[in-house]
Amino acid sequence: MSSSAAASYHPDARSETNDRDSSDAPSAPPSPDIGPPLFSPDTMPGDDGLGRAATAGLLAELCCHREAGTPILIGFLGRAGAGKSSLLRLVLDRIQALTGAERADPFLPGVVTVRVDASAGTDPAATLLSRLFGALSTSFPSLAEEAVYAGGDPLKAAHAAGERVNDLRRQLDAERQTLDELGGRRARLAETVLFNSPGSRIDTYARQNRPRIETRLRAFGLPVADPVASYKELVREAAETGSGSSRTGLALRALWGFKGQATLLVLAVLLLLAGWGCTFLAGHQSLWVDWLSGFGDRMAGPTAWAVDRAGWLMPLAHAAFALAALSVLVDIIRAIRFLQPVFRGASLLGGDLEGRRRDLDGLLAHQTRRVDHLAGEVEAAVRGADVAERRVEARKAAGLLQPSLSVAGSDLGDTTTSHDMAASFLGGLRAAIDAQGSAEAIPVPSRIVVALDDLDRLSPEAAAGWLDTAQRLLGGRHFVTLAAFDRAHVLSGFSETDPALAAARLRRCLQLSYDLDAETDLPDAPPPPPLQRGSVLDQPWRPFETHLMEALKGFAGANPRARKSFVNRYRVARADPRLAEASQADLAGLAVALALDGTGSAIDLGAYRDEADLTSDAASDDPGPRRALSAAQQAIGRSFTAADARRGLQVARLYAL
């Protein structure tokens with residue numbers, strides 16, 4: 001980082017200067033560099049306070065470039081606080097911007113990014129599997145399902161799918177039976193509270209008023225062997241429907257349906273008829289007198305008697321009407337006295353039922369939702385079982401089906417580990433992505449980028465285990481892995497098992513690295529320009545670079561892997577924004593430093609004098625660097641000094657493993 005950038009990143013220094021000058025200069029608003037926000041958190045989204053946006057753009061272009069072969073595992077190296085997580089976030093954001101733009105360029109569309117934060121006590125393989133499956137289930141659900149099946153045994157998958165259908169159906173039957181039982185309890189709730197709930201309010205009322213209830217039941221001719229039970233039957237009838245119709249029916253029955261009530265009503269009717277008759281005779285005396293006189297002398301006596309007593313007709317009529325009214329009143333009073341405890345009991349029963357009915361309604365609603373959910377799961381499981389069966393039939397038709405012991409030999413036990421499950425799933429993913437051009441292809445991402453962070457929070461052994469697991473599981477086609485960690489921390493973890501090979505194991509895990517701790521006095525690269533066609537990785541090679549690579553391959557290592565790593569790192573590092581318009585000497589210095597790094601030689605500018613020829617004896621006591629520098633000078637056709645290759649030598653530190 002440049003000194004200007006350091007000043008902008010540490011506002012305290014500028015604040016002290018302002019304090020010293022405050023007595024001589026008028027106050028001024030703070031500059032944008034030290035203005036809001038008042039306090040910047042470590043994890044501000046999209047923050048580029050360290051000036052690494054250009055580097056993030058370069059690494060993002062590598063992750064999603066069409067011509068970049070996979071797998072790729074890039075390590076972001078640095079001590080705590082170096083800005084590894086910030087750079088990781090910038091790279092992921094840039095990948096989304098590059099792959100989301102609708103334009104014809106060298107970047108793949110539909111790249112999926114998955115961020116995984118390592119945590120202590122978790123299984124790396126299980127965590128990677130869970131996060132990958134979760135991310136793909138959202139954006140590519142068909143691919144996630146296909147990968148689950150494609151990576152496993154089709155017979156076992158079909159058997160498991162069938163067993164799942166059977167299990168779900170058994171659960172559905174049990175839940176439906178529970179729902180029916182709840183419905184029956186809901187229908188029998190009034191009866192349960194009335195007859196099987198001692199201590200309820202209705203039961204307490206009935207037993208406290210038993211003598212009065214028994215008397216009224218006896219007066220109405222109802223059975224009194226168990227007056228409480230008879231009374232509760234009447235209460236159930238009154239509260240049966242929960243509306244007024246049942247109470248109205250019981251009230252009408254109380255008026256004429258029980259013992260003595262009908263007699264009173266008939267008596268009232270007869271008295272009404274008698275009163276009406278007396279009133280009629282009193283008002284039409286001439287009619288009945290003439291009628292009696294027509295019988296001659298035989299009816300003279302009775303006629304005279306009736307005429308003498310005709311004045312009694314109206315009092316008799318009034319008495320008959322009064323007695324009829326009294327009969328009706330007695331009937332009503334008896335009915336009211338009978339109904340009063342019944343309606344009181346119905347009210348108490350309603351209070352007892354209210355809370356219980358509410359609870360049962362809640363249980364019914366919950367059980368109904370559960371049954372509906374299980375029914376949906378059964379339908380989905382049936383469809384999945386059909387798909388699994390079709391896969392088996394297709395494998396049989398193609399002659400690819402092998403006998404499976406896992407279906408019939410369940411007594412062998414399930415020895416599948418989380419690593420095996422993850423490897424199977426990832427293998428299915430790669431197979432499905434490889435088949436994207438076939439007739440039965442499903443939507444798939446063009447590449448999957450997995451970002452692994454927080455390794456420094458783990459113990460060295462756990463951090464090394466996470467990195468090793470990621471390399472073994474994600475070290476296949478279509479995968480790019482970004483891992484942020486402290487190099488010394490992980491090396492300590494690898495050293496626990498084999499100290500002599502710790503550095504080699506780390507190199508085997510990484511194809512590329514970016515060291516945030518590397519000291520360089522090169523100015524910060526400018527932010528990347530707006531999205532445009534092309535990639536900085538596609539800038540053409542100069543003619544001398546091919547000769548340079550051929551001349552230095554032998555210094556990178558004796559095995560093909562080391563030589564390939566040297567060429568790959570040079571291809572990326574030459575496109576670093578700090579080497580814009582680089583000279584031949586800069587690129588030659590870059591290539592020499594990266595080649596020597598492959599053999600473990602230190603990249604130390606202090607070993608070279610700024611103005612001295614790099615091939616002089618004073619450059620180094622090791623003949624390897626002298627020979628590599630000599631080969632580089634012959635490849636570019638000119639000699640150069642450390643000052644000439646300064647930029648290239650410093651950038652090489654950033655990409656040194």
# chains A, B, ... in the order shown; residues from 1 in each chain; ligands from 1

call {"tool": "residues_around", "arguments": {"residues": "Lys84 of chain A", "least_positions_apart": "5", "cutoff": "7 Å", "atoms": "only C-alpha atoms", "output": "ChimeraX atom specification"}}
result
/A:76,78,484

call {"tool": "write_last_selection", "arguments": {"atoms": "N, CA and C atoms", "output": "mmCIF file, in the first residue's frame"}}
result
data_model
loop_
_atom_site.group_PDB
_atom_site.id
_atom_site.type_symbol
_atom_site.label_atom_id
_atom_site.label_comp_id
_atom_site.auth_asym_id
_atom_site.auth_seq_id
_atom_site.Cartn_x
_atom_site.Cartn_y
_atom_site.Cartn_z
ATOM 1 N N PHE A 76 -6.128 -16.616 -0.298
ATOM 2 C CA PHE A 76 -5.906 -15.231 0.103
ATOM 3 C C PHE A 76 -5.147 -15.283 1.423
ATOM 4 N N GLY A 78 -2.703 -13.965 4.563
ATOM 5 C CA GLY A 78 -2.451 -12.766 5.345
ATOM 6 C C GLY A 78 -2.730 -12.995 6.805
ATOM 7 N N ALA A 484 -9.543 -17.951 2.429
ATOM 8 C CA ALA A 484 -8.828 -16.868 3.116
ATOM 9 C C ALA A 484 -8.275 -17.418 4.428
#

call {"tool": "residues_around", "arguments": {"residues": "His65 of chain A", "least_positions_apart": "6", "cutoff": "10 Å", "atoms": "only C-alpha atoms", "output": "mmCIF file with N, CA, C and O atoms, in the first residue's frame"}}
result
data_model
loop_
_atom_site.group_PDB
_atom_site.id
_atom_site.type_symbol
_atom_site.label_atom_id
_atom_site.label_comp_id
_atom_site.auth_asym_id
_atom_site.auth_seq_id
_atom_site.Cartn_x
_atom_site.Cartn_y
_atom_site.Cartn_z
ATOM 1 N N LEU A 59 -8.840 -11.138 -10.058
ATOM 2 C CA LEU A 59 -9.103 -12.494 -9.571
ATOM 3 C C LEU A 59 -10.521 -12.945 -9.920
ATOM 4 O O LEU A 59 -10.748 -14.131 -10.205
ATOM 5 N N ILE A 95 -17.572 -10.980 -9.227
ATOM 6 C CA ILE A 95 -18.030 -12.142 -10.006
ATOM 7 C C ILE A 95 -19.501 -11.998 -10.361
ATOM 8 O O ILE A 95 -19.913 -12.244 -11.505
ATOM 9 N N LEU A 98 -19.810 -9.439 -13.114
ATOM 10 C CA LEU A 98 -19.321 -9.892 -14.413
ATOM 11 C C LEU A 98 -20.245 -10.921 -15.052
ATOM 12 O O LEU A 98 -20.493 -10.881 -16.256
ATOM 13 N N THR A 99 -20.757 -11.844 -14.257
ATOM 14 C CA THR A 99 -21.572 -12.928 -14.812
ATOM 15 C C THR A 99 -23.041 -12.552 -14.942
ATOM 16 O O THR A 99 -23.791 -13.251 -15.601
ATOM 17 N N ASP A 105 -18.880 -11.507 -23.923
ATOM 18 C CA ASP A 105 -17.522 -11.321 -23.452
ATOM 19 C C ASP A 105 -16.993 -12.675 -22.993
ATOM 20 O O ASP A 105 -17.702 -13.681 -23.064
ATOM 21 N N PRO A 106 -15.774 -12.742 -22.519
ATOM 22 C CA PRO A 106 -15.209 -14.059 -22.178
ATOM 23 C C PRO A 106 -15.663 -14.635 -20.849
ATOM 24 O O PRO A 106 -15.110 -15.634 -20.402
ATOM 25 N N PHE A 107 -16.658 -14.031 -20.219
ATOM 26 C CA PHE A 107 -17.064 -14.503 -18.891
ATOM 27 C C PHE A 107 -18.305 -15.383 -18.993
ATOM 28 O O PHE A 107 -19.224 -15.110 -19.763
ATOM 29 N N LEU A 108 -18.312 -16.423 -18.196
ATOM 30 C CA LEU A 108 -19.422 -17.371 -18.200
ATOM 31 C C LEU A 108 -20.656 -16.766 -17.532
ATOM 32 O O LEU A 108 -20.533 -16.083 -16.513
ATOM 33 N N PRO A 109 -21.845 -17.013 -18.058
ATOM 34 C CA PRO A 109 -23.069 -16.570 -17.369
ATOM 35 C C PRO A 109 -23.489 -17.601 -16.321
ATOM 36 O O PRO A 109 -23.094 -18.764 -16.374
ATOM 37 N N ARG A 447 -20.518 -22.504 -13.653
ATOM 38 C CA ARG A 447 -19.398 -22.703 -12.749
ATOM 39 C C ARG A 447 -19.878 -22.409 -11.327
ATOM 40 O O ARG A 447 -20.807 -21.626 -11.134
ATOM 41 N N SER A 535 -11.211 -8.937 -21.257
ATOM 42 C CA SER A 535 -10.640 -9.190 -19.940
ATOM 43 C C SER A 535 -9.167 -8.843 -19.977
ATOM 44 O O SER A 535 -8.481 -9.017 -21.002
ATOM 45 N N LEU A 537 -6.991 -10.479 -18.631
ATOM 46 C CA LEU A 537 -6.269 -11.740 -18.792
ATOM 47 C C LEU A 537 -6.048 -12.099 -20.252
ATOM 48 O O LEU A 537 -5.230 -12.983 -20.549
ATOM 49 N N ASP A 538 -6.796 -11.466 -21.132
ATOM 50 C CA ASP A 538 -6.698 -11.783 -22.560
ATOM 51 C C ASP A 538 -5.720 -10.896 -23.314
ATOM 52 O O ASP A 538 -5.641 -10.987 -24.547
#

call {"tool": "residues_around", "arguments": {"residues": "Asp123 of chain A", "least_positions_apart": "2", "cutoff": "10 Å", "atoms": "only C-alpha atoms", "output": "VMD selection string"}}
result
chain A and resid 118 to 121 125 to 129 418 to 419 462 465 to 466 469

call {"tool": "residues_around", "arguments": {"residues": "Ile433 of chain A", "least_positions_apart": "4", "cutoff": "8 Å", "atoms": "only C-alpha atoms", "output": "VMD selection string"}}
result
chain A and resid 429 444 to 446 478

call {"tool": "write_last_selection", "arguments": {"atoms": "N, CA, C and O atoms", "output": "short mmCIF file (atom, residue, chain, number, x, y, z; two decimals), in the first residue's frame"}}
result
data_model
loop_
_atom_site.label_atom_id
_atom_site.label_comp_id
_atom_site.auth_asym_id
_atom_site.auth_seq_id
_atom_site.Cartn_x
_atom_site.Cartn_y
_atom_site.Cartn_z
N LEU A 429 -23.11 -33.52 -9.27
CA LEU A 429 -23.15 -32.16 -9.81
C LEU A 429 -22.30 -32.05 -11.07
O LEU A 429 -22.73 -31.51 -12.09
N VAL A 444 -28.44 -25.67 -15.45
CA VAL A 444 -27.28 -25.85 -14.58
C VAL A 444 -26.45 -24.57 -14.59
O VAL A 444 -26.50 -23.79 -15.54
N PRO A 445 -25.69 -24.32 -13.53
CA PRO A 445 -24.76 -23.19 -13.55
C PRO A 445 -23.55 -23.53 -14.40
O PRO A 445 -23.20 -24.71 -14.58
N SER A 446 -22.92 -22.52 -14.94
CA SER A 446 -21.73 -22.76 -15.75
C SER A 446 -20.51 -23.02 -14.88
O SER A 446 -19.56 -23.69 -15.31
N HIS A 478 -15.50 -27.67 -12.94
CA HIS A 478 -16.57 -26.68 -12.74
C HIS A 478 -16.53 -26.01 -11.37
O HIS A 478 -17.45 -25.26 -11.04
#

call {"tool": "residues_around", "arguments": {"residues": "Gly260 of chain A", "least_positions_apart": "4", "cutoff": "10 Å", "atoms": "only C-alpha atoms", "output": "PyMOL selection string"}}
result
chain A and resi 219-221+255-256+264-265+331+334

call {"tool": "write_last_selection", "arguments": {"atoms": "N, CA and C atoms", "output": "PDB file, in the first residue's frame"}}
result
ATOM      1  N   ALA A 219     -93.285 -33.976  39.037  1.00  0.00           N
ATOM      2  CA  ALA A 219     -94.536 -33.303  38.708  1.00  0.00           C
ATOM      3  C   ALA A 219     -94.849 -33.399  37.223  1.00  0.00           C
ATOM      4  N   PHE A 220     -93.862 -33.521  36.417  1.00  0.00           N
ATOM      5  CA  PHE A 220     -94.076 -33.612  34.975  1.00  0.00           C
ATOM      6  C   PHE A 220     -94.074 -35.051  34.483  1.00  0.00           C
ATOM      7  N   GLY A 221     -94.015 -35.996  35.395  1.00  0.00           N
ATOM      8  CA  GLY A 221     -94.123 -37.391  35.019  1.00  0.00           C
ATOM      9  C   GLY A 221     -92.874 -37.960  34.394  1.00  0.00           C
ATOM     10  N   LEU A 255     -95.074 -26.776  27.714  1.00  0.00           N
ATOM     11  CA  LEU A 255     -96.424 -26.206  27.817  1.00  0.00           C
ATOM     12  C   LEU A 255     -97.501 -27.260  27.678  1.00  0.00           C
ATOM     13  N   TRP A 256     -97.303 -28.256  26.827  1.00  0.00           N
ATOM     14  CA  TRP A 256     -98.371 -29.247  26.667  1.00  0.00           C
ATOM     15  C   TRP A 256     -97.890 -30.695  26.554  1.00  0.00           C
ATOM     16  N   LEU A 264    -104.522 -29.133  31.702  1.00  0.00           N
ATOM     17  CA  LEU A 264    -104.792 -27.721  31.967  1.00  0.00           C
ATOM     18  C   LEU A 264    -105.189 -26.983  30.697  1.00  0.00           C
ATOM     19  N   LEU A 265    -104.538 -27.294  29.603  1.00  0.00           N
ATOM     20  CA  LEU A 265    -104.864 -26.610  28.356  1.00  0.00           C
ATOM     21  C   LEU A 265    -106.250 -27.033  27.835  1.00  0.00           C
ATOM     22  N   ASP A 331    -100.528 -23.374  33.706  1.00  0.00           N
ATOM     23  CA  ASP A 331     -99.726 -24.154  32.758  1.00  0.00           C
ATOM     24  C   ASP A 331     -98.387 -23.460  32.479  1.00  0.00           C
ATOM     25  N   ARG A 334     -96.101 -23.496  35.604  1.00  0.00           N
ATOM     26  CA  ARG A 334     -95.475 -24.815  35.777  1.00  0.00           C
ATOM     27  C   ARG A 334     -94.356 -25.030  34.749  1.00  0.00           C
TER      28      ARG A 334
END

call {"tool": "atom_distance", "arguments": {"atom1": "atom CA of Val266 of chain A", "atom2": "atom CA of Ile333 of chain A"}}
result
16.3 Å

call {"tool": "atom_distance", "arguments": {"atom1": "atom CA of Gln539 of chain A", "atom2": "atom CA of Arg574 of chain A"}}
result
9.5 Å

call {"tool": "residues_around", "arguments": {"residues": "Ala174 of chain A", "least_positions_apart": "4", "cutoff": "12 Å", "atoms": "only C-alpha atoms", "output": "PDB file with all heavy atoms, in the first residue's frame"}}
result
ATOM      1  N   ASP A 167     -43.433 -44.901   4.509  1.00  0.00           N
ATOM      2  CA  ASP A 167     -43.390 -44.247   5.825  1.00  0.00           C
ATOM      3  C   ASP A 167     -44.332 -43.047   5.872  1.00  0.00           C
ATOM      4  O   ASP A 167     -45.061 -42.846   6.858  1.00  0.00           O
ATOM      5  CB  ASP A 167     -41.965 -43.800   6.142  1.00  0.00           C
ATOM      6  CG  ASP A 167     -41.038 -44.978   6.393  1.00  0.00           C
ATOM      7  OD1 ASP A 167     -41.551 -46.076   6.682  1.00  0.00           O
ATOM      8  OD2 ASP A 167     -39.806 -44.793   6.296  1.00  0.00           O
ATOM      9  N   LEU A 168     -44.312 -42.254   4.810  1.00  0.00           N
ATOM     10  CA  LEU A 168     -45.180 -41.075   4.791  1.00  0.00           C
ATOM     11  C   LEU A 168     -46.648 -41.474   4.763  1.00  0.00           C
ATOM     12  O   LEU A 168     -47.490 -40.815   5.395  1.00  0.00           O
ATOM     13  CB  LEU A 168     -44.849 -40.203   3.582  1.00  0.00           C
ATOM     14  CG  LEU A 168     -43.532 -39.417   3.670  1.00  0.00           C
ATOM     15  CD1 LEU A 168     -43.248 -38.708   2.362  1.00  0.00           C
ATOM     16  CD2 LEU A 168     -43.596 -38.399   4.808  1.00  0.00           C
ATOM     17  N   ARG A 169     -46.968 -42.530   4.052  1.00  0.00           N
ATOM     18  CA  ARG A 169     -48.368 -42.969   4.018  1.00  0.00           C
ATOM     19  C   ARG A 169     -48.814 -43.480   5.379  1.00  0.00           C
ATOM     20  O   ARG A 169     -49.958 -43.243   5.791  1.00  0.00           O
ATOM     21  CB  ARG A 169     -48.536 -44.053   2.951  1.00  0.00           C
ATOM     22  CG  ARG A 169     -48.611 -43.480   1.531  1.00  0.00           C
ATOM     23  CD  ARG A 169     -48.695 -44.557   0.492  1.00  0.00           C
ATOM     24  NE  ARG A 169     -48.947 -43.985  -0.832  1.00  0.00           N
ATOM     25  CZ  ARG A 169     -48.818 -44.646  -1.969  1.00  0.00           C
ATOM     26  NH1 ARG A 169     -48.439 -45.914  -1.941  1.00  0.00           N
ATOM     27  NH2 ARG A 169     -49.062 -44.048  -3.121  1.00  0.00           N
ATOM     28  N   ARG A 170     -47.924 -44.207   6.059  1.00  0.00           N
ATOM     29  CA  ARG A 170     -48.273 -44.650   7.413  1.00  0.00           C
ATOM     30  C   ARG A 170     -48.472 -43.446   8.337  1.00  0.00           C
ATOM     31  O   ARG A 170     -49.413 -43.417   9.138  1.00  0.00           O
ATOM     32  CB  ARG A 170     -47.180 -45.577   7.953  1.00  0.00           C
ATOM     33  CG  ARG A 170     -47.215 -46.975   7.382  1.00  0.00           C
ATOM     34  CD  ARG A 170     -46.322 -47.910   8.171  1.00  0.00           C
ATOM     35  NE  ARG A 170     -44.919 -47.589   7.967  1.00  0.00           N
ATOM     36  CZ  ARG A 170     -44.151 -48.142   7.034  1.00  0.00           C
ATOM     37  NH1 ARG A 170     -44.669 -49.037   6.207  1.00  0.00           N
ATOM     38  NH2 ARG A 170     -42.879 -47.820   6.932  1.00  0.00           N
ATOM     39  N   THR A 178     -55.988 -39.640  13.860  1.00  0.00           N
ATOM     40  CA  THR A 178     -56.003 -38.655  14.952  1.00  0.00           C
ATOM     41  C   THR A 178     -56.986 -37.542  14.655  1.00  0.00           C
ATOM     42  O   THR A 178     -57.713 -37.079  15.549  1.00  0.00           O
ATOM     43  CB  THR A 178     -54.594 -38.079  15.150  1.00  0.00           C
ATOM     44  OG1 THR A 178     -53.684 -39.144  15.441  1.00  0.00           O
ATOM     45  CG2 THR A 178     -54.573 -37.080  16.289  1.00  0.00           C
ATOM     46  N   LEU A 179     -57.042 -37.106  13.388  1.00  0.00           N
ATOM     47  CA  LEU A 179     -57.996 -36.059  13.009  1.00  0.00           C
ATOM     48  C   LEU A 179     -59.431 -36.534  13.193  1.00  0.00           C
ATOM     49  O   LEU A 179     -60.286 -35.780  13.688  1.00  0.00           O
ATOM     50  CB  LEU A 179     -57.748 -35.651  11.554  1.00  0.00           C
ATOM     51  CG  LEU A 179     -58.650 -34.548  10.991  1.00  0.00           C
ATOM     52  CD1 LEU A 179     -58.482 -33.253  11.775  1.00  0.00           C
ATOM     53  CD2 LEU A 179     -58.358 -34.317   9.518  1.00  0.00           C
ATOM     54  N   ASP A 180     -59.710 -37.782  12.818  1.00  0.00           N
ATOM     55  CA  ASP A 180     -61.063 -38.318  13.011  1.00  0.00           C
ATOM     56  C   ASP A 180     -61.409 -38.403  14.494  1.00  0.00           C
ATOM     57  O   ASP A 180     -62.552 -38.112  14.896  1.00  0.00           O
ATOM     58  CB  ASP A 180     -61.174 -39.701  12.368  1.00  0.00           C
ATOM     59  CG  ASP A 180     -61.066 -39.643  10.847  1.00  0.00           C
ATOM     60  OD1 ASP A 180     -61.301 -38.544  10.289  1.00  0.00           O
ATOM     61  OD2 ASP A 180     -60.744 -40.674  10.235  1.00  0.00           O
ATOM     62  N   GLU A 181     -60.442 -38.802  15.300  1.00  0.00           N
ATOM     63  CA  GLU A 181     -60.693 -38.873  16.741  1.00  0.00           C
ATOM     64  C   GLU A 181     -60.985 -37.489  17.315  1.00  0.00           C
ATOM     65  O   GLU A 181     -61.875 -37.334  18.160  1.00  0.00           O
ATOM     66  CB  GLU A 181     -59.484 -39.493  17.441  1.00  0.00           C
ATOM     67  CG  GLU A 181     -59.283 -40.971  17.125  1.00  0.00           C
ATOM     68  CD  GLU A 181     -58.030 -41.521  17.773  1.00  0.00           C
ATOM     69  OE1 GLU A 181     -57.309 -40.725  18.401  1.00  0.00           O
ATOM     70  OE2 GLU A 181     -57.785 -42.736  17.653  1.00  0.00           O
ATOM     71  N   GLN A 367     -54.217 -30.091  13.281  1.00  0.00           N
ATOM     72  CA  GLN A 367     -54.175 -31.442  12.729  1.00  0.00           C
ATOM     73  C   GLN A 367     -54.575 -31.441  11.260  1.00  0.00           C
ATOM     74  O   GLN A 367     -54.022 -32.207  10.454  1.00  0.00           O
ATOM     75  CB  GLN A 367     -55.096 -32.362  13.544  1.00  0.00           C
ATOM     76  CG  GLN A 367     -54.907 -33.838  13.258  1.00  0.00           C
ATOM     77  CD  GLN A 367     -53.542 -34.331  13.699  1.00  0.00           C
ATOM     78  OE1 GLN A 367     -52.904 -33.713  14.539  1.00  0.00           O
ATOM     79  NE2 GLN A 367     -53.092 -35.425  13.125  1.00  0.00           N
ATOM     80  N   ARG A 370     -51.624 -30.315   9.349  1.00  0.00           N
ATOM     81  CA  ARG A 370     -50.609 -31.376   9.324  1.00  0.00           C
ATOM     82  C   ARG A 370     -50.989 -32.464   8.324  1.00  0.00           C
ATOM     83  O   ARG A 370     -50.139 -32.962   7.590  1.00  0.00           O
ATOM     84  CB  ARG A 370     -50.442 -31.957  10.724  1.00  0.00           C
ATOM     85  CG  ARG A 370     -49.394 -33.054  10.803  1.00  0.00           C
ATOM     86  CD  ARG A 370     -49.015 -33.360  12.230  1.00  0.00           C
ATOM     87  NE  ARG A 370     -48.070 -34.453  12.311  1.00  0.00           N
ATOM     88  CZ  ARG A 370     -46.769 -34.344  12.067  1.00  0.00           C
ATOM     89  NH1 ARG A 370     -46.291 -33.171  11.717  1.00  0.00           N
ATOM     90  NH2 ARG A 370     -45.962 -35.378  12.171  1.00  0.00           N
ATOM     91  N   VAL A 371     -52.260 -32.821   8.301  1.00  0.00           N
ATOM     92  CA  VAL A 371     -52.709 -33.833   7.344  1.00  0.00           C
ATOM     93  C   VAL A 371     -52.529 -33.325   5.918  1.00  0.00           C
ATOM     94  O   VAL A 371     -52.060 -34.063   5.032  1.00  0.00           O
ATOM     95  CB  VAL A 371     -54.175 -34.215   7.631  1.00  0.00           C
ATOM     96  CG1 VAL A 371     -54.750 -35.034   6.480  1.00  0.00           C
ATOM     97  CG2 VAL A 371     -54.280 -35.013   8.930  1.00  0.00           C
ATOM     98  N   LEU A 374     -48.803 -33.432   5.105  1.00  0.00           N
ATOM     99  CA  LEU A 374     -48.349 -34.794   4.855  1.00  0.00           C
ATOM    100  C   LEU A 374     -48.882 -35.326   3.530  1.00  0.00           C
ATOM    101  O   LEU A 374     -48.185 -36.058   2.818  1.00  0.00           O
ATOM    102  CB  LEU A 374     -48.788 -35.709   6.000  1.00  0.00           C
ATOM    103  CG  LEU A 374     -47.868 -35.744   7.225  1.00  0.00           C
ATOM    104  CD1 LEU A 374     -48.492 -36.592   8.318  1.00  0.00           C
ATOM    105  CD2 LEU A 374     -46.500 -36.290   6.849  1.00  0.00           C
ATOM    106  N   ALA A 375     -50.116 -34.956   3.190  1.00  0.00           N
ATOM    107  CA  ALA A 375     -50.660 -35.378   1.904  1.00  0.00           C
ATOM    108  C   ALA A 375     -49.822 -34.815   0.756  1.00  0.00           C
ATOM    109  O   ALA A 375     -49.541 -35.508  -0.231  1.00  0.00           O
ATOM    110  CB  ALA A 375     -52.113 -34.931   1.780  1.00  0.00           C
TER     111      ALA A 375
END

call {"tool": "closest_residue", "arguments": {"among": "A:Ala335, A:Ala157, A:Leu136, A:Ala575", "to": "Gly257 of chain A", "atoms": "only C-alpha atoms"}}
result
A:Ala335

call {"tool": "atom_distance", "arguments": {"atom1": "atom CA of Ala274 of chain A", "atom2": "atom CA of Ala325 of chain A"}}
result
12.9 Å

call {"tool": "select_by_dssp", "arguments": {"residues": "segment 365-589 of chain A", "states": "strand (DSSP E)", "output": "number ranges by chain"}}
result
A: 447-453, 479-485, 512-515

call {"tool": "select_by_dssp", "arguments": {"residues": "segment 292-464 of chain A", "states": "alpha helix (DSSP H)", "output": "count of residues only"}}
result
123

call {"tool": "residues_around", "arguments": {"residues": "segment 298-309 of chain A", "least_positions_apart": "2", "cutoff": "12 Å", "atoms": "only C-alpha atoms", "output": "PyMOL selection string"}}
result
chain A and resi 281-282+285-296+311-316

call {"tool": "write_last_selection", "arguments": {"atoms": "N, CA and C atoms", "output": "short mmCIF file (atom, residue, chain, number, x, y, z; two decimals), in the first residue's frame"}}
result
data_model
loop_
_atom_site.label_atom_id
_atom_site.label_comp_id
_atom_site.auth_asym_id
_atom_site.auth_seq_id
_atom_site.Cartn_x
_atom_site.Cartn_y
_atom_site.Cartn_z
N LEU A 281 -125.84 -16.93 24.79
CA LEU A 281 -127.21 -17.07 25.28
C LEU A 281 -127.73 -15.78 25.90
N ALA A 282 -126.83 -15.08 26.59
CA ALA A 282 -127.26 -13.83 27.21
C ALA A 282 -127.56 -12.78 26.16
N GLN A 285 -131.37 -13.86 23.96
CA GLN A 285 -132.38 -14.49 24.83
C GLN A 285 -133.67 -14.78 24.08
N SER A 286 -134.07 -13.92 23.16
CA SER A 286 -135.35 -14.12 22.45
C SER A 286 -135.30 -15.35 21.58
N LEU A 287 -134.16 -15.63 21.04
CA LEU A 287 -134.04 -16.79 20.16
C LEU A 287 -134.29 -18.08 20.91
N TRP A 288 -133.60 -18.25 22.03
CA TRP A 288 -133.77 -19.53 22.72
C TRP A 288 -135.08 -19.60 23.49
N VAL A 289 -135.63 -18.40 23.89
CA VAL A 289 -136.97 -18.43 24.54
C VAL A 289 -138.02 -18.85 23.53
N ASP A 290 -137.98 -18.28 22.33
CA ASP A 290 -138.94 -18.67 21.29
C ASP A 290 -138.79 -20.14 20.93
N TRP A 291 -137.58 -20.57 20.91
CA TRP A 291 -137.35 -21.97 20.57
C TRP A 291 -137.96 -22.89 21.61
N LEU A 292 -137.80 -22.55 22.94
CA LEU A 292 -138.37 -23.37 24.00
C LEU A 292 -139.91 -23.28 24.01
N SER A 293 -140.43 -22.12 23.70
CA SER A 293 -141.89 -21.94 23.70
C SER A 293 -142.53 -22.76 22.61
N GLY A 294 -141.82 -23.06 21.60
CA GLY A 294 -142.37 -23.85 20.50
C GLY A 294 -142.68 -25.27 20.89
N PHE A 295 -142.26 -25.70 22.02
CA PHE A 295 -142.56 -27.07 22.45
C PHE A 295 -143.91 -27.17 23.16
N GLY A 296 -144.58 -26.04 23.37
CA GLY A 296 -145.92 -26.06 23.98
C GLY A 296 -145.87 -26.04 25.50
N GLY A 311 -130.34 -13.85 34.04
CA GLY A 311 -129.38 -12.85 34.50
C GLY A 311 -128.07 -13.46 35.00
N TRP A 312 -128.07 -14.77 35.26
CA TRP A 312 -126.82 -15.41 35.71
C TRP A 312 -125.84 -15.72 34.56
N LEU A 313 -126.31 -15.64 33.30
CA LEU A 313 -125.46 -16.07 32.16
C LEU A 313 -124.16 -15.27 32.06
N MET A 314 -124.27 -13.97 32.16
CA MET A 314 -123.05 -13.15 32.02
C MET A 314 -122.06 -13.39 33.16
N PRO A 315 -122.51 -13.47 34.43
CA PRO A 315 -121.53 -13.80 35.48
C PRO A 315 -120.89 -15.15 35.27
N LEU A 316 -121.70 -16.12 34.79
CA LEU A 316 -121.11 -17.44 34.52
C LEU A 316 -120.07 -17.36 33.39
#

call {"tool": "closest_residue", "arguments": {"among": "A:Arg383, A:His366, A:Arg477, A:Arg186", "to": "Ile72 of chain A", "atoms": "only C-alpha atoms"}}
result
A:Arg477
